[in-house]
Amino acid sequence: MTTTQAATEAAAANTPGPGAEREFTVKARSQRQQIVRRFLRNKVGMTGLVVFVLLLVFGFGGPLVYTTDYGTLNSGAQSVPPGVDGYPLGSDAIGRDLLAGLMQGVQRSLFIVLLFIVIALPLGLLVGALAGYYGKWVDSLLMRFVDLILTVPLLVVLIVVATNFPGSRTPLGVGIILGLFGWLDLARIVRSQFLSLREKEYVEAAHAMGASDKRIIFKHLIPNALGSLIVWTTLAAATAIILEASLTYLGFGVNGANQTSLGRLVSDGVQATTTRPWLFYFPGITLLVIVLSINLIGDGIRDAFDPSNRRVRS
Amino acid sequence: MFFFTVRRIIASVLVLIASSFLVFALCAASFDPLAKFRQRQPPPTQEYLDGVREQLGLNEPFLVRYWHWLTGVLRGDFGETIGGTPVTDQLGGRLLVTGRMILLAIIIAVLLAVIVGVIGAVRQYKPSDYAFTFLAYVLIALPTFWFAAILKEFVAGGVNDLFGQQVLYTIGEETPGLSLYASGWELWSDRIGHLVLPTISLALLSFASWSRFQRSAMLDVLGSDYMRLARAKGLPYRRVVMKHGLRNALIPLTTVVALGIGTLFGGAVITEQVFVWHGMGEYLLQNGIGQNDINVVLGWLLVSAVFVVLFNLVADVLYAVLDPRIRLA
């Protein structure tokens, strides 16, 4: 009796004049704002982002401040340890400055990653979307093709292709090759997402209202699959950096006269573990930090898109 | 289950044929098996080169060459290398070397992944979870060859100094020539000394990402209703986690590990390169691609693809064992 009375009183108090209403309601946030907020509050993801931005500044802003050119050879300063003769991080066997090399390497590695994503993302998205949305023979055809290439390990496909194009030993070439064969798993992910999304009511509604296939795919399906797309992009970017380093180590990657990438520096440094440790540790640690930061960003984004993953257990 | 297996095997054979055709086309279009003869000084005569072409069967049409290779494989004959030695004999030895390296590594990696993953999930957000998570992230971000170089440097150097003699070896799968005169314990202790570092390297790098899978799968399971029900029935916590939780949480890991094993049998290419093992990966790189030898590349492809297919099948059967609700039909 008293409770109902209290409830009605509360209800009456809740609906006063039109002016006071705004003071107590929460401002509505769109889905996108919520995701951004969740990401900004994620410590791990933000750490990754900050580190990544610092690396960007190091790679692209650094050369403006530190103007030594990596290509300059100095026969008077071969294999100089860090801090000697004006080489902050030392020099390599033919007298090139390691700090300048690292800056260039970070630039080139990020360029390779960018190229990789620009090629692989649309390809994977297109193939996955077509297979998942249209189904039937389109699906079978495209997915069998993907399966076919996936029977051979990615590294081996890359090696065989890189052997066939000796001109591809530049950051540009390696980026293109990585991109052309890096979309296969994305196609699978997009397909599986589309398979479930296309059965949703809002797709049916859009269809009933006469929306074209193109409109449904681009306006309804892709935005809803955006989470896994972004997560894939970050994780694949990290993988691409390591793949580039591995390819280069095996002798099928970047190999130009004055073209260096992080992978090139790390592979060269492996030969100098004890004799010239600075050539081994600095590039290796830079690579580690880049990959680590990108992976952390990816994890942060995944948590932001899918908060249900973070289970609170008593 | 029997019909499921048979159907899968038939489908896999078709995939194998198609992918071997694809690789054959790629290699035939780009490889030049005569390159190493052309580079000789003084250059061989044109007649000689024509003779080699004829001998290797390069004059026949593309499809006929593929057909020869395919029928040969069905008879268990993978053809000959450019040097004239049969590929079939070499593949076996290579596979044993690679198998020795990855078998132990996989077992260690799976055990570690399950233990660390379960601990991480059960004690989520505790210091141990953070420590293992950090370790896993660092290991995932490391390039194999860099990590292996650190192992060679510190672990091998440290252990050998400790014992005052060479216990761990950093190069090769056995001391060269030892198998010619030694046998039994002497040979195998030498091989074990060579085995330790590659195994540690492979095991730690594979375990890192697998433990993340295991952790998230375990977290999913821990939050489910049947776990709460099992606790409510009064079962002890340890039993609930082990019997009800772990068994269900093993399914995602099975997929990932099965795929990983299949790929590893094709050669842990980089690990073999770093530790100079003469296994499948080196066979592909040096003898196959390095020599422009199409039969070697195809032989390698077929063996590694068979393992990929085989372990996918094993994974499917294991699903049914782990989760009786899954019916293979």
# chains A, B, ... in the order shown; residues from 1 in each chain; ligands from 1
>>> residues_around(residues="His68 in chain B", least_positions_apart="2", cutoff="12 Å", atoms="only C-alpha atoms", output="ChimeraX atom specification")
/B:24,56-58,60-66,70-75,77-80,295
>>> residues_around(residues="range 168-182 of chain A", least_positions_apart="6", cutoff="8 Å", atoms="only C-alpha atoms", output="list in words")
Arg108, Ser109, Phe111, Ile112, Val113, Leu115, Phe116, Ile117, Val118, Ile119, Ala120, Leu154, Val157, Leu158, Val161, Ala162, Ala240, Glu244, Phe252, Gly253, Val254, Asn255, Gly256, Gln259 and Ser261 of chain A
>>> closest_residue(among="A:Ala187, A:Leu49, A:Val127, A:Ala93", to="Asn295 in chain A", atoms="only C-alpha atoms")
A:Leu49
>>> closest_atom_pairs(of="chain A", to="chain B", cutoff="9 Å", atoms="only C-alpha atoms", output="JSON lines")
{"residue": "A:Arg144", "atom": "CA", "partner": "B:Val15", "partner_atom": "CA", "distance": 8.4}
{"residue": "A:Asp147", "atom": "CA", "partner": "B:Val15", "partner_atom": "CA", "distance": 8.2}
{"residue": "A:Leu148", "atom": "CA", "partner": "B:Ser19", "partner_atom": "CA", "distance": 5.7}
{"residue": "A:Ile149", "atom": "CA", "partner": "B:Ser19", "partner_atom": "CA", "distance": 7.2}
{"residue": "A:Thr151", "atom": "CA", "partner": "B:Ala305", "partner_atom": "CA", "distance": 5.9}
{"residue": "A:Val152", "atom": "CA", "partner": "B:Ala305", "partner_atom": "CA", "distance": 6.8}
{"residue": "A:Pro153", "atom": "CA", "partner": "B:Thr263", "partner_atom": "CA", "distance": 6.2}
{"residue": "A:Leu155", "atom": "CA", "partner": "B:Val269", "partner_atom": "CA", "distance": 8.6}
{"residue": "A:Val156", "atom": "CA", "partner": "B:Leu284", "partner_atom": "CA", "distance": 8.7}
{"residue": "A:Ile159", "atom": "CA", "partner": "B:Ile289", "partner_atom": "CA", "distance": 8.5}
{"residue": "A:Val160", "atom": "CA", "partner": "B:Ile289", "partner_atom": "CA", "distance": 7.2}
{"residue": "A:Val161", "atom": "CA", "partner": "B:Leu26", "partner_atom": "CA", "distance": 8.5}
{"residue": "A:Thr163", "atom": "CA", "partner": "B:Ile289", "partner_atom": "CA", "distance": 7.7}
{"residue": "A:Asn164", "atom": "CA", "partner": "B:Ser30", "partner_atom": "CA", "distance": 6.0}
{"residue": "A:Ala238", "atom": "CA", "partner": "B:Ala141", "partner_atom": "CA", "distance": 7.8}
{"residue": "A:Thr239", "atom": "CA", "partner": "B:Ala141", "partner_atom": "CA", "distance": 8.5}
{"residue": "A:Ile242", "atom": "CA", "partner": "B:Pro143", "partner_atom": "CA", "distance": 5.9}
{"residue": "A:Leu243", "atom": "CA", "partner": "B:Pro143", "partner_atom": "CA", "distance": 8.4}
{"residue": "A:Ala245", "atom": "CA", "partner": "B:Pro143", "partner_atom": "CA", "distance": 7.2}
{"residue": "A:Ser246", "atom": "CA", "partner": "B:Pro143", "partner_atom": "CA", "distance": 7.1}
{"residue": "A:Tyr249", "atom": "CA", "partner": "B:Phe145", "partner_atom": "CA", "distance": 7.9}
{"residue": "A:Leu250", "atom": "CA", "partner": "B:Ile270", "partner_atom": "CA", "distance": 7.3}
{"residue": "A:Val266", "atom": "CA", "partner": "B:Trp146", "partner_atom": "CA", "distance": 7.4}
{"residue": "A:Ser267", "atom": "CA", "partner": "B:Trp146", "partner_atom": "CA", "distance": 7.8}
{"residue": "A:Gly269", "atom": "CA", "partner": "B:Trp146", "partner_atom": "CA", "distance": 8.8}
{"residue": "A:Val270", "atom": "CA", "partner": "B:Ala149", "partner_atom": "CA", "distance": 6.4}
{"residue": "A:Gln271", "atom": "CA", "partner": "B:Ala149", "partner_atom": "CA", "distance": 8.6}
{"residue": "A:Thr273", "atom": "CA", "partner": "B:Ala149", "partner_atom": "CA", "distance": 7.2}
{"residue": "A:Thr274", "atom": "CA", "partner": "B:Glu153", "partner_atom": "CA", "distance": 7.7}
{"residue": "A:Phe280", "atom": "CA", "partner": "B:Trp146", "partner_atom": "CA", "distance": 8.4}
{"residue": "A:Gly284", "atom": "CA", "partner": "B:Trp146", "partner_atom": "CA", "distance": 6.9}
{"residue": "A:Ile285", "atom": "CA", "partner": "B:Leu142", "partner_atom": "CA", "distance": 8.8}
{"residue": "A:Leu287", "atom": "CA", "partner": "B:Leu142", "partner_atom": "CA", "distance": 7.8}
{"residue": "A:Leu288", "atom": "CA", "partner": "B:Ala141", "partner_atom": "CA", "distance": 5.5}
{"residue": "A:Val289", "atom": "CA", "partner": "B:Ala141", "partner_atom": "CA", "distance": 7.9}
{"residue": "A:Ile290", "atom": "CA", "partner": "B:Ala141", "partner_atom": "CA", "distance": 8.4}
{"residue": "A:Val291", "atom": "CA", "partner": "B:Ala141", "partner_atom": "CA", "distance": 5.4}
{"residue": "A:Leu292", "atom": "CA", "partner": "B:Ala141", "partner_atom": "CA", "distance": 5.5}
{"residue": "A:Asn295", "atom": "CA", "partner": "B:Tyr137", "partner_atom": "CA", "distance": 8.0}
{"residue": "A:Leu296", "atom": "CA", "partner": "B:Tyr137", "partner_atom": "CA", "distance": 8.5}
{"residue": "A:Asn309", "atom": "CA", "partner": "B:Asp220", "partner_atom": "CA", "distance": 8.0}
{"residue": "A:Arg310", "atom": "CA", "partner": "B:Leu219", "partner_atom": "CA", "distance": 9.0}
{"residue": "A:Arg311", "atom": "CA", "partner": "B:Gly223", "partner_atom": "CA", "distance": 7.2}
{"residue": "A:Val312", "atom": "CA", "partner": "B:Gly223", "partner_atom": "CA", "distance": 8.7}
{"residue": "A:Arg313", "atom": "CA", "partner": "B:Gly223", "partner_atom": "CA", "distance": 7.5}
>>> select_by_dssp(residues="range 31-271 of chain B", states="helix (DSSP H, G or I)", output="PyMOL selection string")
chain B and resi 35-38+46-56+62-74+87-122+127-141+144-163+178-181+185-222+225-232+237-265+269-271
>>> residues_around(residues="Val80 in chain A", least_positions_apart="3", cutoff="10 Å", atoms="only C-alpha atoms", output="short mmCIF file (atom, residue, chain, number, x, y, z; two decimals) with N, CA and C atoms, in the first residue's frame")
data_model
loop_
_atom_site.label_atom_id
_atom_site.label_comp_id
_atom_site.auth_asym_id
_atom_site.auth_seq_id
_atom_site.Cartn_x
_atom_site.Cartn_y
_atom_site.Cartn_z
N GLY A 76 85.60 6.01 -42.11
CA GLY A 76 86.36 6.29 -40.90
C GLY A 76 85.63 5.90 -39.63
N ALA A 77 84.37 5.51 -39.76
CA ALA A 77 83.58 5.19 -38.56
C ALA A 77 82.80 3.90 -38.78
N GLY A 83 77.06 6.31 -29.20
CA GLY A 83 77.54 7.47 -28.46
C GLY A 83 78.93 7.93 -28.81
N VAL A 84 79.58 7.26 -29.74
CA VAL A 84 80.95 7.65 -30.09
C VAL A 84 80.93 8.35 -31.45
N ASP A 85 81.77 9.34 -31.62
CA ASP A 85 81.95 10.02 -32.91
C ASP A 85 80.66 10.60 -33.47
N GLY A 86 79.75 11.01 -32.62
CA GLY A 86 78.52 11.60 -33.12
C GLY A 86 77.54 10.59 -33.71
N TYR A 87 77.68 9.32 -33.34
CA TYR A 87 76.69 8.32 -33.74
C TYR A 87 75.92 7.92 -32.49
N PRO A 88 74.71 8.49 -32.29
CA PRO A 88 73.98 8.25 -31.02
C PRO A 88 73.72 6.76 -30.78
N LEU A 89 73.40 6.02 -31.84
CA LEU A 89 73.13 4.59 -31.65
C LEU A 89 74.19 3.74 -32.34
N GLY A 90 75.30 4.31 -32.66
CA GLY A 90 76.37 3.54 -33.30
C GLY A 90 76.19 3.47 -34.80
N SER A 91 77.11 2.75 -35.44
CA SER A 91 77.03 2.62 -36.89
C SER A 91 77.28 1.17 -37.29
N ASP A 92 76.96 0.84 -38.55
CA ASP A 92 77.11 -0.55 -38.99
C ASP A 92 78.45 -0.75 -39.69
N ALA A 93 78.62 -1.91 -40.31
CA ALA A 93 79.93 -2.30 -40.82
C ALA A 93 80.46 -1.37 -41.90
N ILE A 94 79.58 -0.67 -42.62
CA ILE A 94 80.09 0.24 -43.65
C ILE A 94 79.85 1.69 -43.26
N GLY A 95 79.71 1.93 -41.96
CA GLY A 95 79.68 3.30 -41.48
C GLY A 95 78.39 4.05 -41.71
N ARG A 96 77.26 3.32 -41.74
CA ARG A 96 75.99 4.04 -41.85
C ARG A 96 75.42 4.25 -40.45
N ASP A 97 74.73 5.37 -40.28
CA ASP A 97 74.23 5.74 -38.97
C ASP A 97 73.00 4.91 -38.61
N LEU A 98 73.05 4.25 -37.45
CA LEU A 98 71.95 3.35 -37.10
C LEU A 98 70.67 4.10 -36.74
N ARG A 276 78.67 -6.85 -32.24
CA ARG A 276 78.21 -5.46 -32.23
C ARG A 276 76.77 -5.43 -31.75
N TRP A 278 74.75 -3.49 -30.43
CA TRP A 278 73.79 -2.40 -30.71
C TRP A 278 73.06 -2.63 -32.03
#
>>> residues_around(residues="Tyr66 in chain A", least_positions_apart="3", cutoff="12 Å", atoms="only C-alpha atoms", output="MDAnalysis selection string")
chainID A and resid 58:63 69:70 86:88 97:104
>>> residues_around(residues="His220 in chain A", least_positions_apart="3", cutoff="12 Å", atoms="only C-alpha atoms", output="PyMOL selection string")
chain A and resi 129+133+194+197-207+211-217+223-226
>>> decode(residues="range 42-64 of chain B", atoms="N, CA, C and O atoms", output="compact mmCIF listing (two decimals), in the first residue's frame")
# COMPACT_ATOMS: atom_id res chain seq x y z
N PRO B 42 83.37 -22.47 -68.99
CA PRO B 42 82.80 -21.91 -70.20
C PRO B 42 81.37 -22.40 -70.43
O PRO B 42 81.03 -23.48 -69.97
N PRO B 43 80.54 -21.62 -71.11
CA PRO B 43 79.14 -21.99 -71.29
C PRO B 43 79.01 -23.28 -72.09
O PRO B 43 79.75 -23.50 -73.05
N PRO B 44 78.07 -24.15 -71.67
CA PRO B 44 77.85 -25.39 -72.41
C PRO B 44 77.25 -25.12 -73.80
O PRO B 44 76.64 -24.08 -74.03
N THR B 45 77.45 -26.05 -74.69
CA THR B 45 76.94 -25.86 -76.05
C THR B 45 75.43 -25.98 -76.06
O THR B 45 74.81 -26.54 -75.15
N GLN B 46 74.83 -25.47 -77.15
CA GLN B 46 73.39 -25.50 -77.27
C GLN B 46 72.88 -26.95 -77.34
O GLN B 46 71.84 -27.27 -76.80
N GLU B 47 73.69 -27.81 -78.00
CA GLU B 47 73.26 -29.21 -78.11
C GLU B 47 73.11 -29.84 -76.74
O GLU B 47 72.18 -30.57 -76.46
N TYR B 48 74.09 -29.51 -75.86
CA TYR B 48 74.05 -30.07 -74.52
C TYR B 48 72.79 -29.63 -73.80
O TYR B 48 72.06 -30.43 -73.20
N LEU B 49 72.50 -28.30 -73.88
CA LEU B 49 71.31 -27.77 -73.21
C LEU B 49 70.05 -28.43 -73.76
O LEU B 49 69.14 -28.79 -73.00
N ASP B 50 70.00 -28.59 -75.09
CA ASP B 50 68.83 -29.25 -75.68
C ASP B 50 68.69 -30.67 -75.15
O ASP B 50 67.58 -31.14 -74.88
N GLY B 51 69.86 -31.34 -75.01
CA GLY B 51 69.83 -32.70 -74.48
C GLY B 51 69.25 -32.74 -73.08
O GLY B 51 68.41 -33.59 -72.76
N VAL B 52 69.68 -31.79 -72.23
CA VAL B 52 69.16 -31.75 -70.85
C VAL B 52 67.66 -31.47 -70.87
O VAL B 52 66.89 -32.08 -70.14
N ARG B 53 67.26 -30.55 -71.73
CA ARG B 53 65.82 -30.23 -71.84
C ARG B 53 65.03 -31.49 -72.16
O ARG B 53 64.00 -31.77 -71.55
N GLU B 54 65.56 -32.23 -73.14
CA GLU B 54 64.88 -33.44 -73.57
C GLU B 54 64.82 -34.44 -72.41
O GLU B 54 63.79 -35.04 -72.11
N GLN B 55 65.96 -34.55 -71.71
CA GLN B 55 66.06 -35.52 -70.63
C GLN B 55 65.10 -35.19 -69.49
O GLN B 55 64.49 -36.07 -68.88
N LEU B 56 64.96 -33.89 -69.17
CA LEU B 56 64.07 -33.47 -68.09
C LEU B 56 62.61 -33.44 -68.56
O LEU B 56 61.72 -33.16 -67.77
N GLY B 57 62.39 -33.68 -69.84
CA GLY B 57 61.02 -33.69 -70.35
C GLY B 57 60.41 -32.32 -70.46
O GLY B 57 59.19 -32.17 -70.37
N LEU B 58 61.24 -31.29 -70.62
CA LEU B 58 60.69 -29.94 -70.66
C LEU B 58 60.07 -29.61 -72.01
O LEU B 58 59.39 -28.60 -72.16
N ASN B 59 60.34 -30.45 -73.02
CA ASN B 59 59.81 -30.14 -74.34
C ASN B 59 58.36 -30.56 -74.51
O ASN B 59 57.69 -30.14 -75.43
N GLU B 60 57.91 -31.40 -73.58
CA GLU B 60 56.53 -31.87 -73.71
C GLU B 60 55.57 -30.76 -73.31
O GLU B 60 55.94 -29.85 -72.56
N PRO B 61 54.33 -30.85 -73.77
CA PRO B 61 53.35 -29.81 -73.40
C PRO B 61 53.11 -29.82 -71.89
O PRO B 61 53.29 -30.84 -71.23
N PHE B 62 52.70 -28.68 -71.41
CA PHE B 62 52.50 -28.45 -69.99
C PHE B 62 51.60 -29.50 -69.33
O PHE B 62 51.94 -30.11 -68.33
N LEU B 63 50.44 -29.73 -69.97
CA LEU B 63 49.48 -30.66 -69.36
C LEU B 63 50.03 -32.08 -69.32
O LEU B 63 49.79 -32.82 -68.37
N VAL B 64 50.78 -32.45 -70.36
CA VAL B 64 51.37 -33.80 -70.38
C VAL B 64 52.36 -33.96 -69.23
O VAL B 64 52.39 -34.99 -68.55
